[in-house]
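Participant: Take this structure, written in structure tokens, and hold onto it; I'll ask about it next.
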Amino acid sequence: MAILAASAYAANLAYTRALDQTIANGAETLNLVRTGLEGHLARYENLPELIADQDIVKQVLSEPVSPMTESLANLYLEDAAALLGVMDAYVIRPDGETIAASNHDTQMSFVGRNFRYRPYFQDALAGAPGRFFGIGTTSNKRGYYFSAPVRVGGNILGVVALKIDMDALEASWGSGISEIMVVDPEGAVFMAGRPEWRVRSFVPPGPDAMARTAETRRYADAPLEAIGFGFQTDENGHEVARIGSGADARSYVVLSQDMPDAGWTVKVLADRTVAQDQALAVGVAALLLLALIAALGGILYLRKVRGLERLRLQREAQEQLERRVAERTTELGLANTLLEREVIERRATEHTLRQTQSDLVEAGKLAALGQMSAALSHEFNQPLAAASAYAENALVLIERGRIAEGRANVERIADLMDRLSSISRHLRTFARRPDDMLQEVRLTQVVEDAMTIIGRRVTTADASMDIRIDPAADAVMAVGVRLQQVLVNLISNAADAVEDTPDRRITVTSQPSADGTVELSVEDTGPGVPEAILPRIFDPFFTTKGVGKGLGLGLSISYNIVRDMGGTLHCERGAAGGARFTLSLQTPGFGTDGS
Ligand code: ADP
């Protein structure tokens, strides 16, 4: 709507400008036409007076007139007309009859014609110079008439009249863009640039006008047909005219100027179609330009809107990201704090644990020491008390002379002392000997040495020995003597176990283990270790054997020896139902020694 309004405004402005220009041009043309007409008429205005002053003119109007005088007057007028460039020059008697004329020798000769009805004749006869425009009743040609009275003394003898041709002037009007016409007071077109408008009337002549025209015979017998268009006043106060129809229709602004001397009005019709066309062109151009600008503006606006939208989305995404990062950072911070706290707690716990562990170890050591002391004092006190009792008894018996009985008591004391020394001997082996270096030893050799010590016991038990040492599992890292001691212990226990069973077999085997060590097993066909006491058999002084038979130190010492050599000792149920003790021993090339 705004674009339409602006275009209309621009068109209107352009139209106003163009119209102003058209009007200005029209006004200029009008001025030129008026000046031209005035100049043209002015040239002839005073000529009738001059001619009226000629003797020959006065003579021809004086009575009586000779044919000679008439001829001379005719010749004079003919010469004068040719000389002055007027169409006709003639002399009229007071009764209106023409007595001499420049066209006397033509078919259209005015001589003998009566012009008393013409106003210029009447005016001149009345003593004033006459002017008139009209169509010649004789020649049927348009012309402008000037007249003057012919005076002799105080009397007016007649009238001299000149008819001027306006055709040449009028012919020059047809070439311009503006239409030019001369209109008489009755609304009839006397002269016009366009031939078809000449001697036509805008207003159908009313009875009065008809009467006036008929009286002066201004238009001779011309019918004064309607010109076909009229003048209107438009909204701007301009007098306008529309001429033609359809595609040829043109619109004019009418500029008028009265020429009172000449008795007519000059009209210039300035073509305003050009202005209209220009306005239309400007309007359309403005419309296109504004539409283009609006379209460009729209595109730019849309782009900007889209750009802003994109920026907004990006900002939102960024903000969301930052928010998430901040959230995650807070979470991580929290987790970190928790973790730190946990680490501190763990450290504290670990510390407490270590403390507790070392406390426990200390406590364990003390407990072991206590246990050991208690066991030792028990083991020593009993034989010592018994020995003391036997000694007292022996003394009493000897005093009473019962020597044999006293001797038996002393023998018992000796037995008890043996037992005590045996205990102390075993206890010696508890002492650690970390300086004993591990060496590569052959199991075949160790087992053989052990058999020389324990062989008799095995034979006593009537057990059969089965020794199978895998050559691939022969070499181990150990302290030979101590390993031998362990084997002696284990085989001795096995011999004890099989003693009362019908099937008495002891098997010693070695085999490589999956973890690179060698497993040495001592298995028997005895009753095996009951499940209930299995956890306790490696405890010192634990024994199921009768008094005087077992000390309960063998397995305990063996366990410690094996552990000192970097190996393990454990007990399980054998395939035949007996006990199976397995030593796991390091091999050369495994562990510290790379060769
Ligand atoms: P001791 O032989 O003096 O009793 P040990 O420490 O050698 O002391 O053995 C502890 C106990 O383990 C034995 O009393 C016995 O009950 C059990 N034991 C050891 N070897 C065997 C075995 N081969 N078969 C069954 N029980 C065994």
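We label chains A, B, ... in the order they appear in the structure tokens, count residues from 1 in each chain, and number ligands from 1 in the order shown.
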Got a sec: who's within 10 Å of stretch 102-107 of chain A, counting only C-alpha atoms, leaving out chain neighbours fewer than 6 positions off, as a list in words?

Facilitator: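 Surrounding residues, per the criterion: Ser71, Ala73, Asn74, Leu75, Tyr76, Leu77, Glu78, Asp79, Ala80, Ala81, Ala82, Val86, Met87, Asp88, Ala89, Tyr90, Val91, Thr138, Ser139 and Leu162 of chain A.
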
Participant: Just the selected residues (N, CA, C and O atoms), exported as a compact mmCIF listing (two decimals), in the first residue's frame, please.

Facilitator:
```txt
# COMPACT_ATOMS: atom_id res chain seq x y z
N SER A 71 -11.32 53.66 -64.29
CA SER A 71 -10.21 52.78 -64.72
C SER A 71 -8.93 53.13 -63.98
O SER A 71 -8.19 52.26 -63.50
N ALA A 73 -8.67 54.64 -61.15
CA ALA A 73 -8.78 54.22 -59.72
C ALA A 73 -8.53 52.71 -59.58
O ALA A 73 -7.81 52.25 -58.69
N ASN A 74 -9.14 51.96 -60.50
CA ASN A 74 -8.92 50.49 -60.45
C ASN A 74 -7.44 50.15 -60.59
O ASN A 74 -6.92 49.32 -59.83
N LEU A 75 -6.79 50.82 -61.55
CA LEU A 75 -5.37 50.52 -61.77
C LEU A 75 -4.53 50.90 -60.54
O LEU A 75 -3.63 50.17 -60.13
N TYR A 76 -4.96 52.06 -59.97
CA TYR A 76 -4.21 52.49 -58.79
C TYR A 76 -4.33 51.47 -57.67
O TYR A 76 -3.35 51.05 -57.04
N LEU A 77 -5.55 51.02 -57.46
CA LEU A 77 -5.79 50.06 -56.37
C LEU A 77 -5.06 48.73 -56.63
O LEU A 77 -4.50 48.11 -55.72
N GLU A 78 -5.06 48.36 -57.88
CA GLU A 78 -4.38 47.11 -58.26
C GLU A 78 -2.90 47.22 -57.94
O GLU A 78 -2.32 46.31 -57.30
N ASP A 79 -2.31 48.38 -58.31
CA ASP A 79 -0.88 48.59 -58.04
C ASP A 79 -0.61 48.62 -56.54
O ASP A 79 0.33 47.99 -56.04
N ALA A 80 -1.48 49.41 -55.87
CA ALA A 80 -1.27 49.55 -54.41
C ALA A 80 -1.37 48.20 -53.70
O ALA A 80 -0.55 47.88 -52.85
N ALA A 81 -2.37 47.40 -54.11
CA ALA A 81 -2.53 46.07 -53.46
C ALA A 81 -1.31 45.21 -53.70
O ALA A 81 -0.79 44.56 -52.76
N ALA A 82 -0.83 45.24 -54.94
CA ALA A 82 0.36 44.44 -55.25
C ALA A 82 1.54 44.94 -54.46
O ALA A 82 2.32 44.15 -53.90
N VAL A 86 -1.46 43.29 -49.99
CA VAL A 86 -2.78 42.95 -49.44
C VAL A 86 -3.54 42.15 -50.47
O VAL A 86 -3.22 42.17 -51.65
N MET A 87 -4.56 41.45 -49.97
CA MET A 87 -5.30 40.57 -50.89
C MET A 87 -6.14 41.41 -51.85
O MET A 87 -6.07 41.24 -53.06
N ASP A 88 -6.92 42.32 -51.23
CA ASP A 88 -7.78 43.18 -52.05
C ASP A 88 -7.77 44.59 -51.47
O ASP A 88 -7.67 44.76 -50.26
N ALA A 89 -7.88 45.55 -52.38
CA ALA A 89 -8.04 46.94 -51.95
C ALA A 89 -9.19 47.51 -52.78
O ALA A 89 -9.22 47.32 -53.99
N TYR A 90 -10.15 48.14 -52.08
CA TYR A 90 -11.31 48.62 -52.85
C TYR A 90 -11.94 49.84 -52.22
O TYR A 90 -11.71 50.15 -51.04
N VAL A 91 -12.70 50.53 -53.03
CA VAL A 91 -13.33 51.81 -52.61
C VAL A 91 -14.84 51.62 -52.72
O VAL A 91 -15.35 51.14 -53.72
N THR A 138 -17.78 37.29 -51.73
CA THR A 138 -17.54 37.12 -53.15
C THR A 138 -16.50 36.02 -53.39
O THR A 138 -16.73 35.06 -54.10
N SER A 139 -15.39 36.24 -52.70
CA SER A 139 -14.27 35.30 -52.93
C SER A 139 -14.39 34.02 -52.12
O SER A 139 -13.74 33.02 -52.41
N LEU A 162 -9.39 47.40 -47.11
CA LEU A 162 -8.33 46.46 -47.51
C LEU A 162 -8.65 45.09 -46.89
O LEU A 162 -9.11 45.01 -45.77
```

Participant: Given only C-alpha atoms and all ligand atoms, how would the per-residue table for chain A near ligand 1 read, listing every residue at most 7 Å away with its closest atom pair and distance in Å to one decimal, sorted by chain and number, as CSV?

Facilitator:
```
residue,atom,partner,partner_atom_place_in_ligand_line,distance
A:Asn489,CA,ligand 1,7 (O),6.4
A:Leu490,CA,ligand 1,20 (N),6.5
A:Asn493,CA,ligand 1,20 (N),4.2
A:Ala494,CA,ligand 1,23 (N),3.7
A:Asp496,CA,ligand 1,23 (N),6.9
A:Ala497,CA,ligand 1,24 (N),4.6
A:Asp524,CA,ligand 1,23 (N),6.4
A:Gly526,CA,ligand 1,24 (N),5.9
A:Pro527,CA,ligand 1,25 (C),6.2
A:Gly528,CA,ligand 1,25 (C),4.5
A:Val529,CA,ligand 1,26 (N),4.6
A:Ile537,CA,ligand 1,12 (O),4.8
A:Phe538,CA,ligand 1,6 (O),6.2
A:Pro540,CA,ligand 1,6 (O),6.8
A:Phe541,CA,ligand 1,6 (O),6.8
A:Phe542,CA,ligand 1,10 (C),5.5
A:Thr543,CA,ligand 1,14 (O),3.2
A:Thr544,CA,ligand 1,14 (O),3.8
A:Lys545,CA,ligand 1,14 (O),4.9
A:Lys549,CA,ligand 1,3 (O),6.6
A:Gly550,CA,ligand 1,3 (O),3.1
A:Leu551,CA,ligand 1,3 (O),3.9
A:Gly552,CA,ligand 1,8 (O),3.2
A:Leu553,CA,ligand 1,6 (O),4.5
A:Gly554,CA,ligand 1,7 (O),3.8
A:Leu555,CA,ligand 1,6 (O),3.8
A:Ser556,CA,ligand 1,6 (O),5.7
A:Gly578,CA,ligand 1,24 (N),6.6
A:Ala579,CA,ligand 1,24 (N),5.1
```

Participant: With a distance cut-off of 7 Å and only C-alpha atoms, select the neighbouring residues of A:Ser256, excluding the residue or stretch itself and same-chain residues fewer than 4 positions from it, and output the selection as number ranges by chain.

Facilitator: A: 265-268

Participant: How would the residues just picked look written out with all heavy atoms as a CSV table (one decimal), in the first residue's frame?

Facilitator:
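Output contents, as saved in selection.csv:
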```csv
chain,number,residue,atom,x,y,z
A,265,THR,N,-10.2,36.0,-29.8
A,265,THR,CA,-9.5,35.4,-28.7
A,265,THR,C,-8.6,34.4,-29.3
A,265,THR,O,-9.0,33.6,-30.1
A,265,THR,CB,-10.5,34.7,-27.7
A,265,THR,OG1,-11.4,35.7,-27.2
A,265,THR,CG2,-9.7,34.1,-26.5
A,266,VAL,N,-7.3,34.4,-28.8
A,266,VAL,CA,-6.4,33.4,-29.3
A,266,VAL,C,-6.3,32.3,-28.3
A,266,VAL,O,-6.3,32.5,-27.1
A,266,VAL,CB,-5.0,34.0,-29.5
A,266,VAL,CG1,-4.0,32.9,-30.1
A,266,VAL,CG2,-5.0,35.2,-30.4
A,267,LYS,N,-6.4,31.1,-28.8
A,267,LYS,CA,-6.3,29.9,-27.8
A,267,LYS,C,-5.2,29.0,-28.2
A,267,LYS,O,-5.0,28.7,-29.4
A,267,LYS,CB,-7.6,29.1,-27.8
A,267,LYS,CG,-8.8,29.8,-27.1
A,267,LYS,CD,-10.0,28.9,-27.0
A,267,LYS,CE,-11.2,29.6,-26.4
A,267,LYS,NZ,-11.1,29.9,-25.0
A,268,VAL,N,-4.4,28.6,-27.2
A,268,VAL,CA,-3.4,27.6,-27.5
A,268,VAL,C,-3.7,26.3,-26.7
A,268,VAL,O,-4.0,26.4,-25.5
A,268,VAL,CB,-2.0,28.1,-27.1
A,268,VAL,CG1,-1.0,27.0,-27.0
A,268,VAL,CG2,-1.5,29.2,-28.0
```

Participant: Can you list, as a list in words, every protein, DNA or RNA residue that comes within 12 Å of A:Val458 when you count only C-alpha atoms, leaving out same-chain residues fewer than 6 positions away?

Facilitator: Ala450, Met451, Thr452, Ser464, Met465, Asp466, Val488, Leu490, Ile491, Ser492, Asn493, Ala494, Ala495, Asp496, Ala497, Val498, Glu499, Arg504, Arg505, Ile506, Thr507 and Asp524 of chain A

Participant: So what do you get for atom CA of A:Val57 versus atom CA of A:Gly127, distance-wise?

Facilitator: 16.4 Å

Participant: For A:Pro119, which of A:Ser178, A:Thr216, A:Asn236, A:Ser201 is the closest residue, counting only C-alpha atoms?

Facilitator: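 For A:Pro119, the nearest of the given residues is A:Thr216.
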
Participant: Looking at A:Ile3, A:Leu84, A:Ala209, A:Val254, which one is nearest to A:Leu30, with distances taken over only C-alpha atoms?

Facilitator: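 With only C-alpha atoms as the atom set, the closest residue is A:Val254.
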
Participant: Could you tell me which of A:Thr501, A:Met477, A:Pro535, A:Ala286 comes closest to A:Asp462 if we count only C-alpha atoms?

Facilitator: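 Using only C-alpha atoms, the shortest distance to A:Asp462 belongs to A:Thr501.
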
Participant: Suppose you want the space between atom CA of A:Pro195 and atom CA of A:Ala18; what is it in Å?

Facilitator: 28.4 Å

Participant: Quick one: distance from atom CA of A:His378 to atom CA of A:Ala408 in Å, one decimal?

Facilitator: 24.5 Å

Participant: Pull the helix (DSSP H, G or I) assignments for stretch 113-219 of chain A out of DSSP run on the backbone, and list those residues as a PyMOL selection string.

Facilitator: chain A and resi 119-125+167-175+195-197+207-216

Participant: Return the single residue from A:Arg93, A:Arg142, A:Arg315, A:Arg116 that is closest to A:Val160, with distances computed using only C-alpha atoms.

Facilitator: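 Checking each of A:Arg93, A:Arg142, A:Arg315, A:Arg116 against A:Val160, counting only C-alpha atoms, the winner is A:Arg93.
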
Participant: Quick one: of A:Arg536, A:Arg34, A:Arg563, A:Arg425, who's nearest to A:Val486, counting only C-alpha atoms?

Facilitator: A:Arg563

Participant: Using only C-alpha atoms, which residue out of A:Val518, A:Leu83, A:Ile99, A:Leu290 lies closest to A:Val65?

Facilitator: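 Between A:Val518, A:Leu83, A:Ile99, A:Leu290, the residue approaching A:Val65 most closely is A:Ile99.
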
Participant: Give the strand (DSSP E) residues of stretch 89-212 of chain A, as DSSP finds them on the backbone, and put them as a PyMOL selection string.

Facilitator: chain A and resi 89-92+98-101+130-135+142-152+155-164+179-183+188-192+200-201
